[in-house]
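my_file.cif (mmCIF, C-alpha atoms)
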```cif
data_target
#
loop_
_atom_site.group_PDB
_atom_site.id
_atom_site.type_symbol
_atom_site.label_atom_id
_atom_site.label_comp_id
_atom_site.auth_asym_id
_atom_site.auth_seq_id
_atom_site.Cartn_x
_atom_site.Cartn_y
_atom_site.Cartn_z
ATOM 1 C CA MET A 37 0.000 0.000 0.000
ATOM 2 C CA LEU A 38 1.170 3.516 -0.751
ATOM 3 C CA THR A 39 2.280 5.704 2.121
ATOM 4 C CA GLY A 40 1.777 9.450 1.996
ATOM 5 C CA ARG A 41 5.341 10.191 0.971
ATOM 6 C CA GLU A 42 5.311 7.836 -2.005
ATOM 7 C CA THR A 43 5.143 10.068 -5.047
ATOM 8 C CA LYS A 44 4.366 9.257 -8.666
ATOM 9 C CA PHE A 45 6.547 11.211 -11.069
ATOM 10 C CA SER A 46 5.906 12.226 -14.665
ATOM 11 C CA ASP A 47 7.854 14.379 -17.105
ATOM 12 C CA LEU A 48 5.180 15.917 -19.343
ATOM 13 C CA GLY A 49 7.581 17.481 -21.841
ATOM 14 C CA ILE A 50 6.256 20.676 -23.462
ATOM 15 C CA ARG A 51 2.526 21.165 -22.841
ATOM 16 C CA ASP A 52 -0.069 23.917 -22.961
ATOM 17 C CA TYR A 53 -0.493 25.733 -19.635
ATOM 18 C CA ARG A 54 -4.285 25.453 -19.469
ATOM 19 C CA LYS A 55 -4.263 21.709 -20.121
ATOM 20 C CA VAL A 56 -1.742 21.081 -17.360
ATOM 21 C CA TRP A 57 -3.649 23.379 -14.995
ATOM 22 C CA GLU A 58 -6.827 21.368 -15.624
ATOM 23 C CA MET A 59 -4.921 18.135 -15.099
ATOM 24 C CA GLN A 60 -3.582 19.368 -11.760
ATOM 25 C CA GLN A 61 -7.092 20.326 -10.644
ATOM 26 C CA GLN A 62 -8.357 16.860 -11.527
ATOM 27 C CA VAL A 63 -5.528 15.119 -9.683
ATOM 28 C CA LEU A 64 -5.956 17.398 -6.661
ATOM 29 C CA GLU A 65 -9.650 16.500 -6.412
ATOM 30 C CA GLU A 66 -8.832 12.791 -6.715
ATOM 31 C CA VAL A 67 -6.288 13.048 -3.905
ATOM 32 C CA LYS A 68 -8.747 14.980 -1.710
ATOM 33 C CA GLN A 69 -11.447 12.359 -2.280
ATOM 34 C CA ARG A 70 -9.109 9.516 -1.342
ATOM 35 C CA LYS A 71 -8.027 11.424 1.735
ATOM 36 C CA MET A 72 -11.630 12.050 2.873
ATOM 37 C CA GLN A 73 -12.447 8.365 2.324
ATOM 38 C CA GLY A 74 -9.553 7.326 4.535
ATOM 39 C CA LYS A 75 -7.717 5.643 1.655
ATOM 40 C CA ALA A 76 -3.988 5.645 0.973
ATOM 41 C CA VAL A 77 -3.011 8.984 -0.592
ATOM 42 C CA PRO A 78 -0.240 8.991 -3.206
ATOM 43 C CA GLY A 79 1.555 12.171 -4.144
ATOM 44 C CA TYR A 80 2.234 13.351 -7.690
ATOM 45 C CA LEU A 81 5.167 15.297 -9.082
ATOM 46 C CA PHE A 82 4.960 16.768 -12.581
ATOM 47 C CA PHE A 83 7.789 18.341 -14.584
ATOM 48 C CA VAL A 84 6.849 20.408 -17.641
ATOM 49 C CA GLU A 85 7.895 23.203 -19.971
ATOM 50 C CA HIS A 86 5.188 25.534 -21.279
ATOM 51 C CA PRO A 87 4.873 27.507 -24.507
ATOM 52 C CA PRO A 88 5.210 31.244 -23.698
ATOM 53 C CA VAL A 89 2.580 32.293 -21.147
ATOM 54 C CA TYR A 90 2.205 34.966 -18.472
ATOM 55 C CA THR A 91 0.212 33.956 -15.391
ATOM 56 C CA LEU A 92 -1.248 36.302 -12.780
ATOM 57 C CA GLY A 93 -1.923 35.016 -9.256
ATOM 58 C CA LYS A 94 -5.191 35.717 -7.475
ATOM 59 C CA SER A 95 -3.647 38.498 -5.359
ATOM 60 C CA GLY A 96 -1.633 39.980 -8.231
ATOM 61 C CA LYS A 97 -2.061 43.311 -9.966
ATOM 62 C CA GLU A 98 -2.946 43.321 -13.653
ATOM 63 C CA ALA A 99 -0.961 46.562 -14.019
ATOM 64 C CA ASN A 100 2.187 44.469 -13.663
ATOM 65 C CA MET A 101 1.539 43.164 -17.203
ATOM 66 C CA LEU A 102 3.067 45.773 -19.496
ATOM 67 C CA MET A 103 1.975 44.378 -22.898
ATOM 68 C CA ASP A 104 -1.443 44.633 -24.506
ATOM 69 C CA ALA A 105 -3.253 41.823 -26.345
ATOM 70 C CA LEU A 106 -1.752 42.772 -29.714
ATOM 71 C CA GLN A 107 1.788 42.722 -28.347
ATOM 72 C CA LEU A 108 1.139 39.368 -26.678
ATOM 73 C CA ARG A 109 0.023 37.867 -29.972
ATOM 74 C CA ALA A 110 3.116 39.252 -31.676
ATOM 75 C CA ARG A 111 5.258 37.318 -29.195
ATOM 76 C CA CYS A 112 3.038 34.213 -29.483
ATOM 77 C CA ALA A 113 2.315 34.452 -25.756
ATOM 78 C CA GLU A 114 -0.804 34.060 -23.608
ATOM 79 C CA PHE A 115 -1.954 35.919 -20.495
ATOM 80 C CA ILE A 116 -3.935 33.858 -17.969
ATOM 81 C CA LYS A 117 -5.360 34.654 -14.527
ATOM 82 C CA VAL A 118 -4.867 31.661 -12.229
ATOM 83 C CA ASP A 119 -5.780 30.427 -8.755
ATOM 84 C CA ARG A 120 -2.339 30.276 -7.131
ATOM 85 C CA GLY A 121 -0.757 32.742 -4.741
ATOM 86 C CA GLY A 122 1.764 35.335 -5.869
ATOM 87 C CA ASP A 123 1.718 38.009 -8.558
ATOM 88 C CA ILE A 124 2.680 37.810 -12.230
ATOM 89 C CA THR A 125 5.332 35.583 -13.752
ATOM 90 C CA PHE A 126 6.376 34.103 -17.072
ATOM 91 C CA HIS A 127 6.625 30.481 -18.200
ATOM 92 C CA GLY A 128 8.293 29.413 -21.408
ATOM 93 C CA PRO A 129 10.652 26.987 -23.134
ATOM 94 C CA GLY A 130 13.938 26.429 -21.338
ATOM 95 C CA GLN A 131 12.278 26.872 -17.952
ATOM 96 C CA LEU A 132 11.688 23.876 -15.682
ATOM 97 C CA VAL A 133 8.220 24.128 -14.138
ATOM 98 C CA VAL A 134 7.544 21.755 -11.247
ATOM 99 C CA TYR A 135 4.052 20.943 -9.978
ATOM 100 C CA PRO A 136 3.785 18.784 -6.835
ATOM 101 C CA VAL A 137 0.267 17.586 -5.955
ATOM 102 C CA VAL A 138 0.824 16.232 -2.458
ATOM 103 C CA ASP A 139 -0.950 15.916 0.886
ATOM 104 C CA LEU A 140 1.041 18.104 3.266
ATOM 105 C CA GLU A 141 -0.310 16.270 6.311
ATOM 106 C CA SER A 142 1.481 13.150 5.034
ATOM 107 C CA PHE A 143 4.714 15.139 5.205
ATOM 108 C CA GLY A 144 3.939 16.736 8.570
ATOM 109 C CA MET A 145 4.064 20.194 6.996
ATOM 110 C CA GLY A 146 2.039 23.358 6.967
ATOM 111 C CA VAL A 147 1.955 25.687 3.965
ATOM 112 C CA LYS A 148 4.833 27.895 5.174
ATOM 113 C CA GLU A 149 7.047 24.877 5.791
ATOM 114 C CA TYR A 150 6.157 23.540 2.353
ATOM 115 C CA VAL A 151 7.097 26.767 0.573
ATOM 116 C CA TRP A 152 10.361 26.764 2.541
ATOM 117 C CA ALA A 153 10.977 23.172 1.385
ATOM 118 C CA LEU A 154 10.381 24.095 -2.278
ATOM 119 C CA GLU A 155 12.864 26.939 -1.916
ATOM 120 C CA GLU A 156 15.328 24.518 -0.326
ATOM 121 C CA VAL A 157 14.966 22.095 -3.258
ATOM 122 C CA VAL A 158 15.941 24.890 -5.629
ATOM 123 C CA ILE A 159 18.753 26.186 -3.416
ATOM 124 C CA GLY A 160 20.212 22.671 -3.301
ATOM 125 C CA THR A 161 19.915 22.347 -7.069
ATOM 126 C CA LEU A 162 21.716 25.650 -7.635
ATOM 127 C CA GLY A 163 24.475 24.522 -5.296
ATOM 128 C CA LYS A 164 25.164 21.659 -7.696
ATOM 129 C CA TYR A 165 26.230 24.346 -10.198
ATOM 130 C CA GLY A 166 28.264 26.366 -7.728
ATOM 131 C CA LEU A 167 25.599 29.046 -7.270
ATOM 132 C CA SER A 168 24.515 30.354 -3.884
ATOM 133 C CA GLY A 169 20.729 30.743 -3.894
ATOM 134 C CA SER A 170 18.958 32.378 -0.975
ATOM 135 C CA ARG A 171 15.697 33.856 0.236
ATOM 136 C CA VAL A 172 14.506 37.458 0.403
ATOM 137 C CA ASP A 173 12.378 38.573 3.348
ATOM 138 C CA GLY A 174 8.759 39.088 2.315
ATOM 139 C CA ALA A 175 9.209 37.474 -1.101
ATOM 140 C CA THR A 176 8.827 33.810 -1.980
ATOM 141 C CA GLY A 177 11.170 32.206 -4.473
ATOM 142 C CA VAL A 178 14.929 31.855 -4.786
ATOM 143 C CA TRP A 179 17.319 34.689 -5.484
ATOM 144 C CA LEU A 180 20.962 35.356 -6.293
ATOM 145 C CA GLY A 181 22.969 38.348 -5.130
ATOM 146 C CA THR A 182 20.730 39.059 -2.148
ATOM 147 C CA ASP A 183 21.474 42.215 -0.175
ATOM 148 C CA THR A 184 23.368 43.674 -3.145
ATOM 149 C CA LEU A 185 22.444 46.118 -5.893
ATOM 150 C CA ASP A 186 22.313 43.140 -8.282
ATOM 151 C CA GLU A 187 19.607 41.148 -6.497
ATOM 152 C CA ARG A 188 17.993 38.881 -9.097
ATOM 153 C CA LYS A 189 15.404 36.114 -9.097
ATOM 154 C CA ILE A 190 16.123 32.741 -10.628
ATOM 155 C CA CYS A 191 13.059 30.826 -9.429
ATOM 156 C CA ALA A 192 9.446 31.901 -8.835
ATOM 157 C CA ILE A 193 7.146 30.031 -6.453
ATOM 158 C CA GLY A 194 3.351 30.147 -6.248
ATOM 159 C CA VAL A 195 1.132 27.482 -4.714
ATOM 160 C CA LYS A 196 -2.490 26.679 -3.983
ATOM 161 C CA CYS A 197 -3.524 24.473 -1.087
ATOM 162 C CA SER A 198 -6.977 22.900 -0.549
ATOM 163 C CA ARG A 199 -7.502 20.697 2.519
ATOM 164 C CA TYR A 200 -3.709 20.568 2.766
ATOM 165 C CA VAL A 201 -3.398 19.175 -0.773
ATOM 166 C CA THR A 202 -1.172 21.302 -2.997
ATOM 167 C CA MET A 203 -1.017 22.295 -6.643
ATOM 168 C CA HIS A 204 1.032 24.724 -8.745
ATOM 169 C CA GLY A 205 4.660 24.948 -7.598
ATOM 170 C CA PHE A 206 7.844 26.569 -8.891
ATOM 171 C CA ALA A 207 9.475 27.726 -12.116
ATOM 172 C CA LEU A 208 13.272 27.544 -12.370
ATOM 173 C CA ASN A 209 14.927 29.519 -15.158
ATOM 174 C CA VAL A 210 17.396 27.164 -16.812
ATOM 175 C CA ASN A 211 17.867 28.226 -20.448
ATOM 176 C CA THR A 212 14.915 30.631 -20.472
ATOM 177 C CA ASP A 213 14.694 33.553 -22.915
ATOM 178 C CA LEU A 214 14.814 36.300 -20.289
ATOM 179 C CA SER A 215 13.657 38.997 -22.728
ATOM 180 C CA TYR A 216 10.086 37.856 -22.027
ATOM 181 C CA PHE A 217 10.419 39.242 -18.499
ATOM 182 C CA ASP A 218 10.838 42.747 -19.942
ATOM 183 C CA ALA A 219 7.062 42.776 -20.479
ATOM 184 C CA ILE A 220 6.196 42.459 -16.782
ATOM 185 C CA HIS A 221 7.105 43.548 -13.293
ATOM 186 C CA PRO A 222 8.171 40.020 -12.258
ATOM 187 C CA CYS A 223 6.294 38.915 -9.139
ATOM 188 C CA GLY A 224 5.258 42.554 -8.732
ATOM 189 C CA PHE A 225 8.792 43.898 -8.213
ATOM 190 C CA VAL A 226 9.973 46.943 -10.165
ATOM 191 C CA ASP A 227 13.492 47.162 -8.689
ATOM 192 C CA LYS A 228 14.806 43.597 -9.013
ATOM 193 C CA GLY A 229 16.143 41.612 -11.940
ATOM 194 C CA VAL A 230 15.708 38.067 -13.204
ATOM 195 C CA THR A 231 18.324 35.552 -14.233
ATOM 196 C CA SER A 232 18.818 31.957 -15.335
ATOM 197 C CA LEU A 233 21.331 29.159 -14.969
ATOM 198 C CA GLN A 234 22.415 29.813 -18.549
ATOM 199 C CA LYS A 235 23.059 33.488 -17.866
ATOM 200 C CA GLU A 236 24.919 32.853 -14.631
ATOM 201 C CA LEU A 237 27.092 30.053 -16.008
ATOM 202 C CA LYS A 238 27.521 31.667 -19.440
ATOM 203 C CA ARG A 239 26.604 28.429 -21.200
ATOM 204 C CA ALA A 240 23.555 26.362 -22.073
ATOM 205 C CA VAL A 241 22.700 23.896 -19.317
ATOM 206 C CA ASP A 242 21.584 20.301 -19.836
ATOM 207 C CA MET A 243 17.896 20.304 -18.828
ATOM 208 C CA GLU A 244 17.895 16.557 -18.146
ATOM 209 C CA GLU A 245 20.760 17.012 -15.705
ATOM 210 C CA VAL A 246 18.820 19.746 -13.908
ATOM 211 C CA LYS A 247 15.724 17.541 -13.706
ATOM 212 C CA ALA A 248 17.719 14.702 -12.189
ATOM 213 C CA GLU A 249 19.167 17.021 -9.551
ATOM 214 C CA VAL A 250 15.735 18.453 -8.683
ATOM 215 C CA LEU A 251 14.440 14.907 -8.147
ATOM 216 C CA ARG A 252 17.377 14.162 -5.836
ATOM 217 C CA GLN A 253 16.702 17.333 -3.879
ATOM 218 C CA PHE A 254 13.011 16.413 -3.381
ATOM 219 C CA GLN A 255 14.157 13.065 -2.005
ATOM 220 C CA THR A 256 16.607 14.772 0.349
ATOM 221 C CA VAL A 257 14.569 17.779 1.473
ATOM 222 C CA MET A 258 11.078 16.246 1.714
ATOM 223 C CA ASP A 259 11.969 12.560 2.032
ATOM 224 C CA MET A 260 9.869 11.831 -1.059
ATOM 225 C CA LYS A 261 9.798 8.224 -2.200
ATOM 226 C CA ILE A 262 9.684 8.942 -5.918
ATOM 227 C CA ASN A 263 8.396 6.418 -8.461
ATOM 228 C CA THR A 264 9.859 7.506 -11.784
ATOM 229 C CA ASN A 265 7.530 5.356 -13.905
ATOM 230 C CA THR A 266 5.704 7.691 -16.301
ATOM 231 C CA ILE A 267 2.114 8.611 -15.496
ATOM 232 C CA GLU A 268 -0.173 8.921 -18.490
ATOM 233 C CA LYS A 269 -2.429 11.947 -18.088
#
```

Would you put the structure from the file into structure tokens?
Amino acid sequence: MLTGRETKFSDLGIRDYRKVWEMQQQVLEEVKQRKMQGKAVPGYLFFVEHPPVYTLGKSGKEANMLMDALQLRARCAEFIKVDRGGDITFHGPGQLVVYPVVDLESFGMGVKEYVWALEEVVIGTLGKYGLSGSRVDGATGVWLGTDTLDERKICAIGVKCSRYVTMHGFALNVNTDLSYFDAIHPCGFVDKGVTSLQKELKRAVDMEEVKAEVLRQFQTVMDMKINTNTIEK
């Protein structure tokens, strides 16, 4: 029988944002139903890259999107209001987006501890590449150059939690085209930059290598028992 920390993993490749959002909602409801019925509750961990899309969290400000509909179409990008926390961010090719759908009670965590754990997964991953990621007070996500004039964000985090079951997650800039961030105030900030592994290391980074390290960090930080057999969704 599955224990709460046993997690089914799937790499979805490149998929449309809305379709993956709907899939997460479906899986979240399935997990909640199993939990309410007293059944074993598996976790799910999805890796994906999205075609260009800007998403605005439920507490975000639409003014932080600086392009109009015509400009969005010119860049082949979408703008979608979503049900996670946080403000506006960008998803696109070359960015690793990670969506855990897990029961936090199985991990003995509250929401704050969970967000801290996601940040720790990313910080550990960056350490693999010799980069020192850290947190900024009052801002979720992972940053480089904190407490300097060159403070820059490399990973955005935004989650939703219903009956302690999570969805959404984090977006780590690996080989992301950072010019897309020029069209927004990322996460609502007007005085901070964005960066990527590629920019920091001055070379393209093997995405598969990054994925493998993120999986290892989830196992270390959250004691996930990850089943890497592909889930068909």

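Distance-wise, CA of Asp186 (chain A) and CA of Asp218 (chain A) end up 16.4 Å apart.
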
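Using all atoms listed in the file, the smallest distance between any of A:Gln253, A:Thr91, A:Thr125, A:Asn263 and Ile190 (chain A) comes from A:Thr125.
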
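Across the structure, CA of Tyr80 (chain A) and CA of Glu66 (chain A) are spaced 11.1 Å apart.
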
message = So, with all atoms listed in the file as the atoms that count, which of A:Leu102, A:Val230, A:Val158, A:Val201 lies closest to Leu214 (chain A)?
response = A:Val230

task = Tell me, as number ranges by chain, which residues lie within 10 Å of Pro136 (chain A), counting only C-alpha atoms; anything in the same chain fewer than 2 positions away does not count.
result = A: 43-45, 60, 64, 79-83, 134, 138-139, 154, 195, 201-206

Where does region 44-138 of chain A meet region 164-185 of chain A within 12 Å, residue by residue, with the nearest atom pair and distance in Å to one decimal for each, counting only C-alpha atoms, listed by chain and rising number, as CSV?
```
residue,atom,partner,partner_atom,distance
A:Gly121,CA,A:Thr176,CA,10.0
A:Gly122,CA,A:Thr176,CA,8.2
A:Asp123,CA,A:Thr176,CA,10.6
A:Thr125,CA,A:Gly177,CA,11.5
```

request  = Show which residues sit within 8 Å of Val89 (chain A), as a VMD selection string. Count only C-alpha atoms, and ignore same-chain residues fewer than 4 positions away.
outcome  = chain A and resid 53 113 to 116 126 to 128

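Across the structure, CA of Val67 (chain A) and CA of Ile193 (chain A) are spaced 21.8 Å apart.
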
query = What's the 12 Å shell around Arg252 (chain A), counting all atoms listed in the file, without same-chain residues fewer than 6 positions away, as a list in words?
reply = Glu156, Val157, Val158, Gly160, Thr161, Lys164, Glu245, Val246, Met258, Asp259, Met260, Lys261, Ile262 and Thr264 of chain A

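The smallest atom-to-atom distance between Ala76 (chain A) and any of A:Cys191, A:Ser142, A:Arg109, A:Thr231, using only C-alpha atoms, is found for A:Ser142.
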
message = List as a ChimeraX atom specification the protein and nucleic acid residues near Asn209 (chain A), meaning an atom at most 8 Å away when all atoms listed in the file are counted, but skip any in the same chain fewer than 2 places from it.
response = /A:130-132,190-191,207,211-212,231-233

For region 205-234 of chain A, supply N, CA and C atoms and format the output as a PDB file, in the coordinates of the input.
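Listed below is the output, selection_5.pdb:
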```pdb
ATOM      1  N   GLY A 205       3.338  25.319  -8.083  1.00  0.00           N
ATOM      2  CA  GLY A 205       4.660  24.948  -7.598  1.00  0.00           C
ATOM      3  C   GLY A 205       5.710  25.999  -7.904  1.00  0.00           C
ATOM      4  N   PHE A 206       6.786  25.594  -8.615  1.00  0.00           N
ATOM      5  CA  PHE A 206       7.844  26.569  -8.891  1.00  0.00           C
ATOM      6  C   PHE A 206       8.321  26.492 -10.333  1.00  0.00           C
ATOM      7  N   ALA A 207       8.950  27.606 -10.754  1.00  0.00           N
ATOM      8  CA  ALA A 207       9.475  27.726 -12.116  1.00  0.00           C
ATOM      9  C   ALA A 207      10.924  28.170 -12.025  1.00  0.00           C
ATOM     10  N   LEU A 208      11.836  27.281 -12.432  1.00  0.00           N
ATOM     11  CA  LEU A 208      13.272  27.544 -12.370  1.00  0.00           C
ATOM     12  C   LEU A 208      13.783  27.905 -13.758  1.00  0.00           C
ATOM     13  N   ASN A 209      14.372  29.076 -13.872  1.00  0.00           N
ATOM     14  CA  ASN A 209      14.927  29.519 -15.158  1.00  0.00           C
ATOM     15  C   ASN A 209      16.235  28.784 -15.429  1.00  0.00           C
ATOM     16  N   VAL A 210      16.205  27.929 -16.436  1.00  0.00           N
ATOM     17  CA  VAL A 210      17.396  27.164 -16.812  1.00  0.00           C
ATOM     18  C   VAL A 210      18.030  27.799 -18.047  1.00  0.00           C
ATOM     19  N   ASN A 211      17.402  27.593 -19.202  1.00  0.00           N
ATOM     20  CA  ASN A 211      17.867  28.226 -20.448  1.00  0.00           C
ATOM     21  C   ASN A 211      16.793  29.164 -20.993  1.00  0.00           C
ATOM     22  N   THR A 212      16.065  29.795 -20.119  1.00  0.00           N
ATOM     23  CA  THR A 212      14.915  30.631 -20.472  1.00  0.00           C
ATOM     24  C   THR A 212      15.332  31.885 -21.239  1.00  0.00           C
ATOM     25  N   ASP A 213      14.514  32.278 -22.222  1.00  0.00           N
ATOM     26  CA  ASP A 213      14.694  33.553 -22.915  1.00  0.00           C
ATOM     27  C   ASP A 213      14.215  34.661 -21.977  1.00  0.00           C
ATOM     28  N   LEU A 214      15.154  35.323 -21.323  1.00  0.00           N
ATOM     29  CA  LEU A 214      14.814  36.300 -20.289  1.00  0.00           C
ATOM     30  C   LEU A 214      14.203  37.576 -20.841  1.00  0.00           C
ATOM     31  N   SER A 215      14.251  37.783 -22.152  1.00  0.00           N
ATOM     32  CA  SER A 215      13.657  38.997 -22.728  1.00  0.00           C
ATOM     33  C   SER A 215      12.149  39.037 -22.495  1.00  0.00           C
ATOM     34  N   TYR A 216      11.530  37.882 -22.297  1.00  0.00           N
ATOM     35  CA  TYR A 216      10.086  37.856 -22.027  1.00  0.00           C
ATOM     36  C   TYR A 216       9.750  38.564 -20.709  1.00  0.00           C
ATOM     37  N   PHE A 217      10.681  38.589 -19.787  1.00  0.00           N
ATOM     38  CA  PHE A 217      10.419  39.242 -18.499  1.00  0.00           C
ATOM     39  C   PHE A 217      10.400  40.764 -18.616  1.00  0.00           C
ATOM     40  N   ASP A 218      10.875  41.293 -19.743  1.00  0.00           N
ATOM     41  CA  ASP A 218      10.838  42.747 -19.942  1.00  0.00           C
ATOM     42  C   ASP A 218       9.407  43.265 -20.030  1.00  0.00           C
ATOM     43  N   ALA A 219       8.454  42.364 -20.289  1.00  0.00           N
ATOM     44  CA  ALA A 219       7.062  42.776 -20.479  1.00  0.00           C
ATOM     45  C   ALA A 219       6.267  42.805 -19.182  1.00  0.00           C
ATOM     46  N   ILE A 220       6.915  42.494 -18.055  1.00  0.00           N
ATOM     47  CA  ILE A 220       6.196  42.459 -16.782  1.00  0.00           C
ATOM     48  C   ILE A 220       7.063  43.057 -15.672  1.00  0.00           C
ATOM     49  N   HIS A 221       6.391  43.325 -14.545  1.00  0.00           N
ATOM     50  CA  HIS A 221       7.105  43.548 -13.293  1.00  0.00           C
ATOM     51  C   HIS A 221       7.117  42.193 -12.590  1.00  0.00           C
ATOM     52  N   PRO A 222       8.188  41.414 -12.741  1.00  0.00           N
ATOM     53  CA  PRO A 222       8.171  40.020 -12.258  1.00  0.00           C
ATOM     54  C   PRO A 222       7.815  39.912 -10.784  1.00  0.00           C
ATOM     55  N   CYS A 223       6.770  39.129 -10.507  1.00  0.00           N
ATOM     56  CA  CYS A 223       6.294  38.915  -9.139  1.00  0.00           C
ATOM     57  C   CYS A 223       5.926  40.226  -8.455  1.00  0.00           C
ATOM     58  N   GLY A 224       5.672  41.266  -9.269  1.00  0.00           N
ATOM     59  CA  GLY A 224       5.258  42.554  -8.732  1.00  0.00           C
ATOM     60  C   GLY A 224       6.395  43.493  -8.384  1.00  0.00           C
ATOM     61  N   PHE A 225       7.643  43.054  -8.561  1.00  0.00           N
ATOM     62  CA  PHE A 225       8.792  43.898  -8.213  1.00  0.00           C
ATOM     63  C   PHE A 225       9.214  44.763  -9.398  1.00  0.00           C
ATOM     64  N   VAL A 226       9.526  46.030  -9.105  1.00  0.00           N
ATOM     65  CA  VAL A 226       9.973  46.943 -10.165  1.00  0.00           C
ATOM     66  C   VAL A 226      11.465  47.246 -10.045  1.00  0.00           C
ATOM     67  N   ASP A 227      12.095  46.791  -8.960  1.00  0.00           N
ATOM     68  CA  ASP A 227      13.492  47.162  -8.689  1.00  0.00           C
ATOM     69  C   ASP A 227      14.427  45.961  -8.601  1.00  0.00           C
ATOM     70  N   LYS A 228      13.975  44.794  -9.091  1.00  0.00           N
ATOM     71  CA  LYS A 228      14.806  43.597  -9.013  1.00  0.00           C
ATOM     72  C   LYS A 228      14.858  42.920 -10.378  1.00  0.00           C
ATOM     73  N   GLY A 229      15.968  42.251 -10.656  1.00  0.00           N
ATOM     74  CA  GLY A 229      16.143  41.612 -11.940  1.00  0.00           C
ATOM     75  C   GLY A 229      15.778  40.137 -11.924  1.00  0.00           C
ATOM     76  N   VAL A 230      15.901  39.513 -13.076  1.00  0.00           N
ATOM     77  CA  VAL A 230      15.708  38.067 -13.204  1.00  0.00           C
ATOM     78  C   VAL A 230      16.951  37.485 -13.872  1.00  0.00           C
ATOM     79  N   THR A 231      17.171  36.201 -13.648  1.00  0.00           N
ATOM     80  CA  THR A 231      18.324  35.552 -14.233  1.00  0.00           C
ATOM     81  C   THR A 231      18.007  34.095 -14.504  1.00  0.00           C
ATOM     82  N   SER A 232      18.983  33.372 -15.014  1.00  0.00           N
ATOM     83  CA  SER A 232      18.818  31.957 -15.335  1.00  0.00           C
ATOM     84  C   SER A 232      20.145  31.245 -15.095  1.00  0.00           C
ATOM     85  N   LEU A 233      20.092  29.923 -15.052  1.00  0.00           N
ATOM     86  CA  LEU A 233      21.331  29.159 -14.969  1.00  0.00           C
ATOM     87  C   LEU A 233      22.231  29.473 -16.159  1.00  0.00           C
ATOM     88  N   GLN A 234      21.639  29.536 -17.345  1.00  0.00           N
ATOM     89  CA  GLN A 234      22.415  29.813 -18.549  1.00  0.00           C
ATOM     90  C   GLN A 234      23.139  31.154 -18.447  1.00  0.00           C
TER      91      GLN A 234
END
```
